[in-house]
$ cat entry35.cif   # mmCIF, C-alpha atoms
data_structure
#
loop_
_atom_site.label_atom_id
_atom_site.label_comp_id
_atom_site.auth_asym_id
_atom_site.auth_seq_id
_atom_site.Cartn_x
_atom_site.Cartn_y
_atom_site.Cartn_z
CA MET A 1 35.69 -7.20 -13.69
CA PRO A 2 33.47 -5.02 -11.52
CA SER A 3 33.50 -1.30 -12.06
CA THR A 4 35.94 0.55 -9.84
CA THR A 5 35.13 3.59 -7.76
CA ARG A 6 36.73 6.98 -8.30
CA PRO A 7 39.70 8.07 -6.14
CA THR A 8 38.66 9.00 -2.62
CA GLU A 9 39.91 12.07 -0.81
CA VAL A 10 41.02 11.79 2.81
CA GLY A 11 37.99 11.89 5.06
CA GLU A 12 35.51 11.37 2.20
CA PRO A 13 32.88 8.62 2.77
CA LEU A 14 33.51 5.49 0.73
CA GLU A 15 31.03 4.53 -1.96
CA PRO A 16 29.00 1.30 -1.70
CA LEU A 17 30.58 -1.80 -3.15
CA PRO A 18 29.58 -2.36 -6.79
CA LYS A 19 27.10 -5.23 -7.15
CA GLU A 20 29.42 -7.00 -9.61
CA PHE A 21 31.94 -7.54 -6.81
CA ALA A 22 29.69 -10.30 -5.47
CA ALA A 23 30.58 -12.43 -8.51
CA PHE A 24 34.24 -12.38 -7.41
CA MET A 25 33.42 -13.12 -3.79
CA ARG A 26 30.91 -15.97 -4.08
CA PRO A 27 33.28 -18.69 -5.43
CA GLU A 28 35.65 -17.93 -2.54
CA LEU A 29 33.11 -18.66 0.21
CA PRO A 30 33.51 -22.47 0.63
CA GLY A 31 37.29 -22.19 0.99
CA LEU A 32 36.94 -19.12 3.17
CA MET A 33 34.61 -21.00 5.55
CA LYS A 34 37.19 -23.74 6.02
CA GLU A 35 39.99 -21.23 6.58
CA ILE A 36 37.98 -19.24 9.11
CA GLY A 37 36.98 -22.45 10.92
CA ALA A 38 40.60 -23.56 11.22
CA GLU A 39 41.91 -20.16 12.35
CA VAL A 40 39.12 -19.48 14.83
CA THR A 41 39.38 -22.89 16.51
CA ARG A 42 43.14 -22.45 16.74
CA ALA A 43 42.77 -19.02 18.37
CA TYR A 44 39.72 -19.98 20.48
CA PRO A 45 39.89 -23.69 21.42
CA VAL A 46 36.47 -23.49 23.10
CA TYR A 47 34.91 -23.23 19.63
CA GLY A 48 36.84 -26.29 18.51
CA ARG A 49 35.04 -28.22 21.25
CA LEU A 50 31.67 -26.83 20.17
CA LEU A 51 32.36 -27.66 16.51
CA ASN A 52 32.88 -31.28 17.53
CA GLY A 53 29.83 -31.36 19.76
CA PRO A 54 26.12 -31.96 19.22
CA ASN A 55 25.47 -28.39 17.97
CA ALA A 56 28.20 -28.49 15.30
CA ALA A 57 25.79 -28.47 12.34
CA ALA A 58 23.88 -25.46 13.67
CA ILE A 59 27.10 -23.53 14.33
CA ARG A 60 28.38 -24.19 10.81
CA GLN A 61 25.02 -23.12 9.39
CA GLY A 62 25.26 -19.85 11.31
CA VAL A 63 28.76 -19.14 9.98
CA GLU A 64 27.62 -20.01 6.45
CA GLN A 65 24.61 -17.71 6.73
CA ALA A 66 26.76 -14.83 7.98
CA LEU A 67 29.15 -15.14 5.01
CA TYR A 68 26.57 -15.68 2.30
CA ALA A 69 24.31 -12.92 3.63
CA PHE A 70 27.21 -10.46 3.24
CA VAL A 71 27.71 -11.40 -0.40
CA ASP A 72 23.95 -11.39 -1.03
CA ARG A 73 23.77 -7.86 0.38
CA VAL A 74 26.45 -6.68 -2.06
CA ALA A 75 24.62 -8.31 -4.98
CA GLU A 76 21.15 -7.31 -3.81
CA PRO A 77 21.10 -4.55 -1.17
CA GLY A 78 18.19 -4.85 1.22
CA LYS A 79 17.79 -8.61 0.85
CA ASN A 80 16.10 -10.25 3.84
CA ALA A 81 18.48 -11.91 6.34
CA ALA A 82 15.99 -13.19 8.91
CA LEU A 83 17.51 -16.67 9.12
CA ARG A 84 20.98 -15.21 9.65
CA ASP A 85 19.70 -12.90 12.37
CA GLU A 86 18.00 -15.71 14.28
CA LEU A 87 21.11 -17.91 14.13
CA LEU A 88 23.30 -15.03 15.33
CA ARG A 89 20.96 -14.37 18.25
CA LYS A 90 21.26 -18.04 19.16
CA PHE A 91 25.06 -17.67 19.10
CA GLY A 92 24.63 -14.96 21.71
CA ARG A 93 22.29 -17.14 23.76
CA VAL A 94 24.75 -20.02 23.73
CA GLU A 95 27.52 -17.71 24.99
CA ALA A 96 25.26 -16.65 27.86
CA TYR A 97 24.29 -20.25 28.66
CA GLU A 98 27.96 -21.28 28.64
CA GLY A 99 28.78 -18.49 31.08
CA ARG A 100 31.19 -16.61 28.78
CA GLU A 101 31.48 -12.89 28.18
CA LEU A 102 30.76 -11.73 24.63
CA ASP A 103 34.42 -10.78 24.13
CA THR A 104 35.23 -14.29 22.93
CA LEU A 105 32.52 -14.32 20.26
CA GLN A 106 33.34 -10.79 19.17
CA GLY A 107 37.01 -11.76 18.86
CA ALA A 108 36.04 -14.70 16.66
CA TYR A 109 33.92 -12.45 14.42
CA ARG A 110 36.77 -9.97 14.00
CA LEU A 111 39.31 -12.70 13.31
CA GLY A 112 37.01 -14.03 10.59
CA ALA A 113 36.79 -10.51 9.12
CA ARG A 114 40.59 -10.20 9.00
CA ILE A 115 40.83 -13.53 7.18
CA ALA A 116 38.16 -12.40 4.69
CA LEU A 117 40.02 -9.13 4.12
CA ARG A 118 43.22 -11.05 3.49
CA ARG A 119 41.39 -13.11 0.87
CA ALA A 120 39.96 -9.92 -0.70
CA LYS A 121 43.43 -8.39 -1.01
CA ALA A 122 44.62 -11.51 -2.82
CA LEU A 123 41.65 -11.23 -5.18
CA GLY A 124 42.48 -7.59 -5.74
CA GLN A 125 45.97 -8.51 -6.90
CA GLN A 126 44.69 -11.38 -9.03
CA TYR A 127 42.09 -9.27 -10.87
CA GLN A 128 43.97 -5.94 -10.64
CA LEU A 129 41.17 -4.29 -8.64
CA SER A 130 41.70 -0.72 -7.51
CA PRO A 131 43.02 -0.08 -3.98
CA THR A 132 39.96 2.14 -3.43
CA LEU A 133 37.67 -0.83 -4.08
CA ILE A 134 39.54 -3.01 -1.57
CA LEU A 135 39.41 -0.18 0.95
CA ALA A 136 35.65 0.10 0.41
CA PHE A 137 35.40 -3.66 0.94
CA ALA A 138 37.27 -3.39 4.25
CA ASP A 139 35.07 -0.50 5.38
CA THR A 140 31.88 -2.42 4.49
CA LEU A 141 33.17 -5.67 6.02
CA PHE A 142 33.99 -4.24 9.43
CA ALA A 143 30.68 -2.35 9.51
CA TYR A 144 29.04 -5.71 8.79
CA VAL A 145 30.94 -7.33 11.69
CA GLU A 146 29.63 -4.63 14.02
CA GLU A 147 26.15 -5.56 12.82
CA LEU A 148 26.79 -9.27 13.58
CA GLU A 149 28.01 -8.36 17.06
CA ARG A 150 24.94 -6.22 17.69
CA ILE A 151 22.55 -9.01 16.71
CA SER A 152 24.38 -11.61 18.82
CA ARG A 153 24.33 -9.15 21.70
CA GLU A 154 20.53 -9.12 21.45
CA GLY A 155 20.41 -12.87 22.04
CA TYR A 156 22.92 -12.60 24.88
CA ALA A 157 20.94 -9.83 26.58
CA GLU A 158 17.71 -11.77 26.06
CA VAL A 159 19.01 -14.66 28.16
CA GLN A 160 20.41 -12.37 30.83
CA SER A 161 17.21 -10.36 31.10
CA ARG A 162 14.89 -13.34 31.43
CA ALA A 163 13.50 -13.91 34.87
CA PHE A 164 15.10 -17.32 35.26
CA SER A 165 15.40 -18.61 38.76
CA GLU A 166 18.86 -19.84 39.68
CA VAL A 167 17.90 -23.52 39.52
CA PRO A 168 16.68 -23.61 35.85
CA ALA A 169 19.70 -21.58 34.75
CA ARG A 170 22.07 -23.95 36.53
CA ARG A 171 20.30 -26.96 35.04
CA ARG A 172 20.76 -25.58 31.54
CA ARG A 173 24.43 -25.01 32.31
CA LEU A 174 24.63 -28.58 33.61
CA LEU A 175 23.15 -29.97 30.38
CA HIS A 176 25.67 -28.00 28.33
CA LEU A 177 28.54 -29.43 30.36
CA ILE A 178 27.27 -33.01 30.05
CA LEU A 179 27.07 -32.75 26.25
CA ALA A 180 30.20 -30.66 25.69
CA ALA A 181 32.66 -33.41 26.62
CA PRO A 182 32.75 -36.67 28.59
CA PRO A 183 31.96 -35.23 32.03
CA LEU A 184 33.71 -36.31 35.19
CA PRO A 185 31.20 -36.92 37.98
CA GLN A 186 33.35 -35.07 40.49
CA THR A 187 33.27 -31.93 38.33
CA LEU A 188 29.46 -32.02 38.19
CA THR A 189 28.67 -32.86 41.81
CA GLY A 190 28.74 -29.28 43.08
CA LEU A 191 26.67 -27.98 40.17
CA CYS A 192 24.15 -30.82 40.63
CA GLU A 193 23.66 -29.81 44.24
CA ALA A 194 23.19 -26.17 43.28
CA ALA A 195 20.74 -27.20 40.55
CA ALA A 196 18.84 -29.57 42.87
CA TRP A 197 19.36 -32.41 40.40
CA HIS A 198 20.43 -35.98 41.20
CA LEU A 199 23.31 -37.19 39.00
CA PRO A 200 22.11 -40.39 37.27
CA THR A 201 24.19 -43.32 36.09
CA ASP A 202 22.39 -43.62 32.75
CA VAL A 203 20.54 -41.09 30.61
CA THR A 204 18.32 -41.05 27.53
CA MET A 205 18.72 -38.15 25.12
CA ILE A 206 15.81 -36.96 22.99
CA ALA A 207 16.12 -34.90 19.81
CA LEU A 208 13.31 -32.48 18.96
CA ARG A 209 12.45 -30.56 15.83
CA PRO A 210 13.05 -26.79 15.97
CA SER A 211 10.24 -24.45 16.99
CA VAL A 212 9.02 -26.63 19.84
CA PRO A 213 5.56 -25.78 21.18
CA GLU A 214 5.51 -23.29 24.04
CA HIS A 215 3.61 -25.69 26.29
CA LEU A 216 6.24 -28.44 26.07
CA GLU A 217 8.36 -27.23 28.99
CA ALA A 218 5.36 -27.24 31.33
CA GLY A 219 4.61 -30.87 30.52
CA LEU A 220 8.06 -32.25 31.39
CA ALA A 221 8.88 -34.05 34.63
CA ASP A 222 10.87 -32.05 37.20
CA ASP A 223 14.09 -34.04 36.70
CA VAL A 224 14.21 -33.71 32.89
CA LEU A 225 16.94 -31.35 31.67
CA PHE A 226 16.17 -29.44 28.48
CA ASP A 227 17.42 -26.80 26.09
CA LEU A 228 14.62 -25.68 23.81
CA ASP A 229 16.06 -22.35 22.67
CA VAL A 230 18.84 -23.65 20.42
CA PRO A 231 18.84 -24.61 16.71
CA GLN A 232 18.65 -28.33 17.65
CA PRO A 233 16.48 -28.52 20.80
CA HIS A 234 16.90 -31.56 23.02
CA LEU A 235 15.97 -33.20 26.33
CA LEU A 236 17.89 -35.32 28.81
CA VAL A 237 15.81 -37.91 30.67
CA PRO A 238 17.53 -39.56 33.65
CA GLY A 239 17.53 -43.34 33.25
CA SER A 240 15.56 -45.17 30.57
CA LEU A 241 12.35 -44.11 28.89
CA THR A 242 9.92 -46.13 30.99
CA PRO A 243 6.23 -46.40 30.00
CA GLU A 244 5.48 -43.63 32.48
CA ARG A 245 8.20 -41.43 30.99
CA LEU A 246 6.90 -42.15 27.47
CA THR A 247 3.38 -41.11 28.48
CA MET A 248 4.81 -37.89 29.93
CA LEU A 249 6.78 -37.20 26.73
CA GLU A 250 3.86 -37.84 24.37
CA ALA A 251 1.59 -35.56 26.40
CA ALA A 252 4.21 -32.79 26.49
CA LEU A 253 4.87 -33.03 22.73
CA ALA A 254 1.17 -32.72 21.87
CA GLY A 255 1.57 -32.82 18.09
CA SER A 256 5.30 -32.17 17.82
CA HIS A 257 7.68 -35.02 16.96
CA ALA A 258 10.76 -36.42 18.72
CA VAL A 259 13.44 -39.08 18.29
CA VAL A 260 14.49 -40.99 21.41
CA GLY A 261 18.19 -41.83 21.58
CA LEU A 262 19.66 -44.90 23.22
CA THR A 263 19.87 -45.15 26.99
CA VAL A 264 23.59 -44.83 27.71
CA PRO A 265 26.00 -44.09 30.57
CA LEU A 266 26.13 -40.39 31.42
CA THR A 267 29.55 -40.04 29.77
CA GLN A 268 28.06 -41.13 26.41
CA ALA A 269 25.17 -38.64 26.39
CA ALA A 270 26.66 -36.79 23.40
CA ASP A 271 26.63 -40.06 21.40
CA SER A 272 22.98 -40.66 22.28
CA ILE A 273 21.88 -37.24 21.02
CA ARG A 274 24.07 -37.56 17.93
CA TRP A 275 22.38 -40.83 16.98
CA ALA A 276 18.93 -39.37 17.66
CA ARG A 277 19.65 -36.39 15.42
CA ARG A 278 20.93 -38.71 12.71
CA VAL A 279 17.62 -40.63 12.79
CA LEU A 280 15.79 -37.29 12.62
CA HIS A 281 17.81 -36.52 9.48
CA LEU A 282 16.99 -39.95 8.00
CA ILE A 283 13.29 -39.24 8.65
CA ASP A 284 13.61 -35.99 6.69
CA GLU A 285 15.27 -37.93 3.87
CA GLY A 286 12.46 -40.47 3.77
CA VAL A 287 14.67 -43.40 4.81
CA VAL A 288 13.00 -43.86 8.21
CA ALA A 289 9.23 -43.60 8.60
CA ASP A 290 8.04 -40.62 10.62
CA ALA A 291 5.95 -40.94 13.80
CA PRO A 292 5.24 -38.74 16.86
CA VAL A 293 7.94 -40.63 18.81
CA VAL A 294 10.63 -42.62 16.96
CA ARG A 295 13.15 -44.75 18.87
CA CYS A 296 16.76 -45.09 17.76
CA GLU A 297 16.82 -48.67 19.07
CA ASP A 298 14.39 -49.63 16.31
CA HIS A 299 16.79 -48.41 13.61
CA LEU A 300 20.25 -49.40 14.82
CA VAL A 301 21.18 -51.40 11.72
CA THR A 302 20.03 -48.55 9.48
CA LEU A 303 22.12 -46.09 11.53
CA TRP A 304 25.14 -48.35 11.22
CA LEU A 305 24.76 -49.11 7.51
CA LEU A 306 24.23 -45.43 6.63
CA SER A 307 26.90 -44.00 8.94
CA ASP A 308 29.07 -43.32 5.88
CA PRO A 309 27.09 -43.58 2.60
CA ALA A 310 30.11 -42.69 0.46
CA LEU A 311 32.12 -45.55 1.96
CA VAL A 312 29.20 -47.94 1.48
CA SER A 313 29.02 -47.01 -2.21
CA HIS A 314 32.77 -47.54 -2.54
CA ILE A 315 32.58 -51.00 -0.94
CA ALA A 316 29.64 -52.01 -3.12
CA ALA A 317 31.43 -50.81 -6.26
CA GLY A 318 34.46 -52.91 -5.39
CA GLU A 319 32.46 -56.04 -4.62
CA LEU A 320 30.31 -55.71 -7.75
CA ALA A 321 33.13 -54.73 -10.10
CA PRO A 322 32.89 -58.00 -12.11
CA ILE A 323 29.41 -57.02 -13.37
CA ASP A 324 30.27 -53.43 -14.32
CA GLY A 325 30.46 -54.33 -17.99
CA LEU A 326 26.80 -55.39 -18.21
CA SER A 327 24.00 -53.16 -19.43
CA ALA A 328 22.42 -51.01 -16.74
CA SER A 329 19.11 -52.84 -16.84
CA ARG A 330 20.66 -56.31 -16.60
CA ARG A 331 23.05 -55.16 -13.87
CA ASP A 332 20.14 -53.75 -11.83
CA ARG A 333 18.18 -56.99 -12.13
CA LEU A 334 21.14 -59.06 -11.01
CA VAL A 335 21.96 -56.74 -8.11
CA ASN A 336 18.35 -56.74 -6.88
CA THR A 337 18.18 -60.54 -7.09
CA LEU A 338 21.49 -60.89 -5.29
CA ARG A 339 20.33 -58.55 -2.49
CA VAL A 340 17.16 -60.53 -1.84
CA HIS A 341 18.93 -63.89 -2.17
CA ILE A 342 21.75 -63.00 0.25
CA SER A 343 19.53 -61.27 2.82
CA THR A 344 16.79 -63.93 2.94
CA ARG A 345 18.80 -67.12 2.28
CA ALA A 346 15.49 -68.29 0.74
CA PRO A 347 14.99 -70.81 -2.09
CA ALA A 348 14.44 -69.59 -5.65
CA GLU A 349 10.65 -69.93 -5.40
CA GLN A 350 10.43 -67.56 -2.43
CA VAL A 351 12.94 -65.10 -3.91
CA GLY A 352 10.86 -65.11 -7.10
CA LYS A 353 7.72 -64.24 -5.16
CA LEU A 354 9.50 -61.37 -3.44
CA LEU A 355 10.79 -60.05 -6.77
CA GLY A 356 7.63 -60.81 -8.74
CA VAL A 357 9.41 -63.12 -11.22
CA HIS A 358 9.40 -66.84 -11.97
CA ALA A 359 11.63 -69.14 -9.91
CA GLN A 360 13.39 -70.27 -13.09
CA THR A 361 14.32 -66.65 -13.79
CA VAL A 362 15.82 -66.41 -10.30
CA ARG A 363 17.86 -69.59 -10.88
CA TYR A 364 19.15 -68.24 -14.19
CA ARG A 365 20.19 -64.97 -12.57
CA LEU A 366 21.90 -66.78 -9.68
CA ARG A 367 23.86 -68.93 -12.13
CA SER A 368 24.92 -65.76 -13.96
CA LEU A 369 25.98 -64.17 -10.68
CA ASP A 370 27.91 -67.27 -9.69
CA SER A 371 29.71 -67.18 -13.03
CA LEU A 372 30.48 -63.46 -12.82
CA LEU A 373 31.35 -63.12 -9.13
CA GLY A 374 33.08 -66.48 -8.76
CA ASP A 375 34.46 -67.18 -5.29
CA ARG A 376 33.13 -63.89 -3.85
CA LEU A 377 29.77 -65.49 -3.06
CA ALA A 378 31.42 -68.37 -1.23
CA ASP A 379 33.96 -66.30 0.72
CA PRO A 380 32.45 -65.24 4.10
CA ASP A 381 34.14 -61.83 4.15
CA HIS A 382 33.09 -60.91 0.62
CA ARG A 383 29.59 -62.25 1.19
CA PHE A 384 29.21 -60.14 4.35
CA ALA A 385 30.52 -57.03 2.55
CA LEU A 386 28.08 -57.65 -0.30
CA GLU A 387 25.10 -58.09 2.01
CA ALA A 388 25.87 -55.04 4.16
CA SER A 389 26.56 -52.71 1.22
CA LEU A 390 23.55 -53.91 -0.79
CA ARG A 391 21.25 -53.44 2.21
CA ALA A 392 22.63 -49.92 2.71
CA LEU A 393 22.23 -48.99 -0.95
CA HIS A 394 18.66 -50.30 -0.86
CA LEU A 395 17.94 -48.05 2.14
CA LEU A 396 19.47 -45.05 0.36
CA SER A 397 17.39 -45.75 -2.76
CA ARG A 398 14.25 -44.98 -0.75
CA ASP A 399 15.42 -41.37 -0.59
CA THR A 400 16.74 -41.05 -4.13
CA GLY A 401 14.02 -43.12 -5.79
CA ALA A 402 16.71 -45.09 -7.62
#
$ encode --input "entry35.cif" --output "C-alpha cells"
Amino acid sequence: MPSTTRPTEVGEPLEPLPKEFAAFMRPELPGLMKEIGAEVTRAYPVYGRLLNGPNAAAIRQGVEQALYAFVDRVAEPGKNAALRDELLRKFGRVEAYEGRELDTLQGAYRLGARIALRRAKALGQQYQLSPTLILAFADTLFAYVEELERISREGYAEVQSRAFSEVPARRRRLLHLILAAPPLPQTLTGLCEAAAWHLPTDVTMIALRPSVPEHLEAGLADDVLFDLDVPQPHLLVPGSLTPERLTMLEAALAGSHAVVGLTVPLTQAADSIRWARRVLHLIDEGVVADAPVVRCEDHLVTLWLLSDPALVSHIAAGELAPIDGLSASRRDRLVNTLRVHISTRAPAEQVGKLLGVHAQTVRYRLRSLDSLLGDRLADPDHRFALEASLRALHLLSRDTGA
C-alpha cells in the first residue's frame, strides 16, 4: 500500500501523489480505457463515428498515451511525454479540420477524468486508502486534464493560424467527409463547388507512412486530395492509378513509401484506405515485401486470409485435430507436406522437390495423413478450409519465424 499523506488543512496545497500509487493505477488502465471509450462515445456520438473510421487506431493510441503518461508521471516525475504531446496536438488539428469548436474535445477529456476519479474512489475503498490521498489524486488529475486541453489547443490554433487559402481548407474538409461515412453525392456537391473539385465516380486511396517529406505536397496533381498532418497520412486520387498518376506519385514520394488501395466507388473510399493501411501493417510485420509503391491488388488473397488471424488458427486447429496427438516434429512435417500437396495438386515427385525430400517420403506422409484425417481430405468443404487455413498460417509464420 502506498504511503498516505498527512491530514490537510482547509486551503492548504495538496502534496504530490506518492510514487507507489502508480502500482495501484497501472493494472486498472486497460479496463479504464474501455470504460472511457464506451462512455465518451455514448455522450459524444461524433467520436463513435471517428473510432469506427480510418483514424481509429491513431485515436486509440492517443487515448492510451494520455492515460499511461499520467501514471508514468506519478511513478517517475519529469518523464518525457513527447509522443503524447504530438498525438494530443493532432487531436486538436482534427477538431479544427472537422469544423468543431474545442468544447466537444474538452468535454470528452473531462468526462474521462470523472470516470478515472470514480475508479480511483473504488480503489480507495478496496485498499483502504486515505481520503486525503484520493483528494490529492483528484486535484492532480484535473490539473492534468487542463494540461491535455492546453496541448490540444496548440494543435487547434496551429491549423487556424496557418495561411491556408479557402480552397485547400475546403478540400481537406471534403476528404474528411468522404472517409467519415458513406457520403451522399448531394451532400458533397456544394462543398465540391466551393473547393473547385470535380466529384469522381471512383477513387483510389493511398496510405503513407508518418512523417511524410515536406516536398510531397508540391509534387501532387491539382485534383489529388490529401491529409498529411494526421497520424496516418493519406491521399485520395480521383479514378484509377494510371501510369501517368503512378509516375506523379513516385516523383512526389522521392524516397518515402506508400501503399495503393483498390480503386473503388466513392462510397467505399474508407474501405480502400483501410485495406491499404492493413497492407502497410503487414509490411511492417514482414509478411508482405516492402517497396517504394506497393499495390493492394497484388496482395488480395493475403489480405483476405489474414483478415482475422485468430479465427484462422481456430479453423486450422479444428481441421487438424486428428493429428494433435503426434510429436511436434512429426506433426510439423505432416502439416508442411499437406500444405504443399493441397496448394499445388502436384505429384509426389514435385512435392518432394519443393520440400527437399524424396518422393517416397512424400507418399509415406500422404498415406499417414489419409489414415489420420480420413474423409476430411476428400470432402470439398474440409479440403477448402484446410487449404485456406494452412496458407494463412504459412504467411503468418514469415513474421513469427515459426
$ closest_residue --input "entry35.cif" --among "A:Arg110, A:Arg49, A:Arg118, A:Arg84" --to "A:Glu28" --atoms "all atoms listed in the file"
A:Arg118
$ closest_residue --input "entry35.cif" --among "A:Gly318, A:Gly325, A:Leu225, A:Tyr156" --to "A:Leu372" --atoms "only C-alpha atoms"
A:Gly325
$ closest_residue --input "entry35.cif" --among "A:Gln128, A:Ser161, A:Asn336, A:Thr41" --to "A:Arg93" --atoms "only C-alpha atoms"
A:Ser161
$ resolve_selection --input "entry35.cif" --expression "the PyMOL selection byres ((chain A and resi 171-181) around 8)" --output "count of residues only"
26
$ residues_around --input "entry35.cif" --residues "stretch 278-293 of chain A" --least-positions-apart "5" --cutoff "10 Å" --atoms "all atoms listed in the file" --output "MDAnalysis selection string"
chainID A and resid 206:209 246 249:250 253:261 272:273 299:300 302:303 306:307 394:400
$ atom_distance --input "entry35.cif" --atom1 "atom CA of A:Leu129" --atom2 "atom CA of A:Glu20"
12.1 Å
$ residues_around --input "entry35.cif" --residues "A:Ile323" --least-positions-apart "2" --cutoff "12 Å" --atoms "only C-alpha atoms" --output "PyMOL selection string"
chain A and resi 316-321+325-335+338+368-374
$ resolve_selection --input "entry35.cif" --expression "the PyMOL selection byres ((chain A and resi 210) around 8)" --output "list in words"
Leu208, Arg209, Ser211, Val212, Val230, Pro231, Gln232 and Pro233 of chain A
$ resolve_selection --input "entry35.cif" --expression "the PyMOL selection byres ((chain A and resi 100-109) around 12)" --output "ChimeraX atom specification"
/A:36-48,62-63,66-67,88-99,110-116,141-157,160,173
$ closest_residue --input "entry35.cif" --among "A:Met25, A:Val294, A:Val224, A:Ala392" --to "A:Leu123" --atoms "all atoms listed in the file"
A:Met25
$ atom_distance --input "entry35.cif" --atom1 "atom CA of A:Glu64" --atom2 "atom CA of A:Ala138"
19.3 Å
$ atom_distance --input "entry35.cif" --atom1 "atom CA of A:Ala348" --atom2 "atom CA of A:His314"
28.8 Å
